[in-house]
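To start, the structure under review is shown below, and the notes come after it.
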Amino acid sequence: METLNSIFSAINGVVWGPLMLILLLGVGIYLQAGLRLMPIRKLGEGFKLMWQGRDGKHTPDGKSKGEEDGEISPFNALMTALSATIGTGNIAGVATAIALGGPGAVFWMWITALVGMATKFAEAVLAVRFRETDSTGYHIGGPMYYIKNGLGRKWLWLGGAFAFFGAVAAFGIGNTVQSNSVADALDSTFGLPHWVTGVVIMVLAGAVILGGIKRIAKVAGKLVPIMGIAYVIAGLVVLAINADQVGGAFGMIFTYAFNPHAAVGGFAGAAVMAAIRFGVARGIFSNEAGLGSAPIAHAAAQTKNPVRQGLIAMLGTFIDTIIVCSITALVILTAGVWKTGEAGASLTALSFDAALPGLGNEVVSLALAVFAFTTILGWSFYGEKCFQFLFGTRSIMLYRVLFVLAIPVGALASLGFIWLMADTFNAMMAIPNLIALALLSPVVFKLARAYFNGEDVLPGEELDHDKS
């Protein structure tokens with residue numbers, strides 16, 4: 001076990017190291033430049049399309065339900081993707097970034113999100129453009145399919161590599177790690193035994209997961225907006241209480257993004273490179289732009305136009321990082337307890353508790369529980385589609401059952417090695433995806449130009465790039 005731990009630690013140091021972060025940012029910057037900052041300029045249009053496609057009765061394409069391909073509404077596709085991204089990264093990840101990189105890390109999280117919007121846009125465009133219909137009539141897509149259908153059969157091994165990494169990572173980062181985090185939080189706050197938490201989550205999640213994407217999307221479409229808005233409101237209440245500190249918090253974010261921060265209190269101090277490193281790393285960990293997970297959900301959306309779904313998909317990065325992560329960061333910085341040396345979820349809880357004595361721990365524990373639960377739902381679908389790509393449609397139910405049974409195991413287990421392995425595979429998903437995004441970028445640019453020029457290219461139309 002020590003040997004395996006050493007091997008995975010070494011791999012993890014590479015795949016989450018500076019080169020990977022440069023690759024993730026580099027591809028995002030390239031896509032943002034190729035799209036001429038369109039994801040930022042068209043943010044308002046993205047929200048308009050999301051609102052139009054919220055009920056599935058009428059899609060953003062202006063057609064009634066039944067006229068469009070896909071199983072779930074464009075809005076629920078976004079909510080399913082958000083269910084997997086809004087999670088521990090928004091609570092523990094932000095706190096860790098500040099604890100290790102200082103307030104300036106928040107600025108670099110914002111930059112990562114603005115760049116990542118182009119990455120998410122491209123992922124969803126390609127997911128809809130190159131999706132397939134399986135033997136049950138369901139639409140399936142994601143990096144493994146746009147590698148297979150966009151780059152051709154000779155690249156099939158790369159799609160298989162993504163699917164393998166995704167299927168394994170789902171059991172860790174999207175399952176056992178989440179149930180363990182919830183069990184720890186509820187035990188420390190409410191004294192609830194780990195096994196009780198594990199069984200309850202297994203029953204609740206199983207009832208949703210075994211019903212497939214339509215049930216997952218239906219639950220995500222209700223739960224994600226409620227939990228997200230509730231957490232933001234709780235954060236805004238704290239910021240109202242700490243109103244005199246908000247200006248100073250923004251000042252620290254911008255000042256220390258470009259200047260080193262000296263050690264103070266329990267805070268060890270941070271160089272500018274530390275702010276960049278931890279801001280970028282935690283930002284990507286939170287919004288998953290470039291990892292290739294979210295396009296698996298967007299491929300099931302009821303739409304025939306890839307660009308429209310791309311405009312909706314990019315909102316996931318904006319909502320996750322620019323809104324939710326920013327609320328957490330400002331709560332931490334206005335509370336003034338970030339200098340104590342605390343990190344992770346405990347720092348966030350301490351910050352909420354400073355403004356809401358006796359309630360802070362409960363707010364953070366309940367938010368963690370709901371966020372982690374929806375993360376389990378979203379990642380179950382991601383892992384299932386990766387498994388289906390490798391082993392066929394008949395393997396779906398087997399994967400769902402195994403995924404549900406793993407939940408209480410995670411709640412009870414010591415997850416040091418599992419976390420390390422899952423985190424490593426999670427990062428390794430990004431490599432095949434980023435290669436595909438770079439090689440298929442001409443398709444993304446051409447579809448985007450056609451859409452905004454009013455040509456409205458549909459998935460079934462042949463592109464010149466496909467012939468090469």
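Ordering of the structure tokens sets the chain letters (A, B, ...); residue numbers start at 1 within each chain; ligands are numbered from 1 in the order shown.
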Residues of stretch 156-298 of chain A in alpha helix (DSSP H) according to DSSP, as a PyMOL selection string?
chain A and resi 156-171+177-190+194-209+213-241+243-255+272-287+294-298
Shell around A:Val280 at 6 Å using only C-alpha atoms, local window under 6 positions removed, as a ChimeraX atom specification
/A:108-109,112
Preceding selection exported with N, CA and C atoms as an mmCIF file, in the first residue's frame:
data_model
loop_
_atom_site.group_PDB
_atom_site.id
_atom_site.type_symbol
_atom_site.label_atom_id
_atom_site.label_comp_id
_atom_site.auth_asym_id
_atom_site.auth_seq_id
_atom_site.Cartn_x
_atom_site.Cartn_y
_atom_site.Cartn_z
ATOM 1 N N TRP A 108 -7.400 35.214 -8.811
ATOM 2 C CA TRP A 108 -6.992 34.242 -9.827
ATOM 3 C C TRP A 108 -8.048 33.164 -10.023
ATOM 4 N N MET A 109 -8.886 32.931 -9.009
ATOM 5 C CA MET A 109 -10.052 32.063 -9.200
ATOM 6 C C MET A 109 -11.017 32.703 -10.201
ATOM 7 N N THR A 112 -9.605 32.395 -13.698
ATOM 8 C CA THR A 112 -9.792 31.009 -14.140
ATOM 9 C C THR A 112 -11.220 30.776 -14.626
#
Selected residue of minimal separation from A:Asn426 among A:Ser181, A:Trp379, A:Glu342, A:Gly228, counting only C-alpha atoms:
A:Trp379
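When only C-alpha atoms are used to measure the gap to A:Leu31, the shortest distance among A:Leu114, A:Val337, A:Val232, A:Ala95 belongs to A:Leu114.
In this comparison, which uses only C-alpha atoms, the residue of A:Ile323, A:Leu330, A:Ala438, A:Val115 approaching A:Val237 most closely is A:Leu330.
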Residues near A:Met144, anyone? I mean within 12 Å using only C-alpha atoms, not counting same-chain ones fewer than 4 positions away, as number ranges by chain.
A: 123, 126-127, 130-132, 140, 148-153, 155-167, 292-293, 295-296, 299, 382, 385-390, 429-437
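Across A:Thr375, A:Val444, A:Phe250, A:Val409, the tightest approach to A:Val219 is made by A:Thr375 when counting only C-alpha atoms.
Among the candidate residues A:Ser73, A:Leu440, A:Gly191, A:Val196, the one lying nearest to A:Lys218 is A:Ser73, with distances computed using only C-alpha atoms.
Here atom CA of A:Gly102 stands at a distance of 22.0 Å from atom CA of A:Phe318.
Considering the residues A:Ile233, A:Val370, A:Ile376, A:Leu420 and counting only C-alpha atoms, A:Ile327 has its shortest atom-to-atom contact with A:Ile233.
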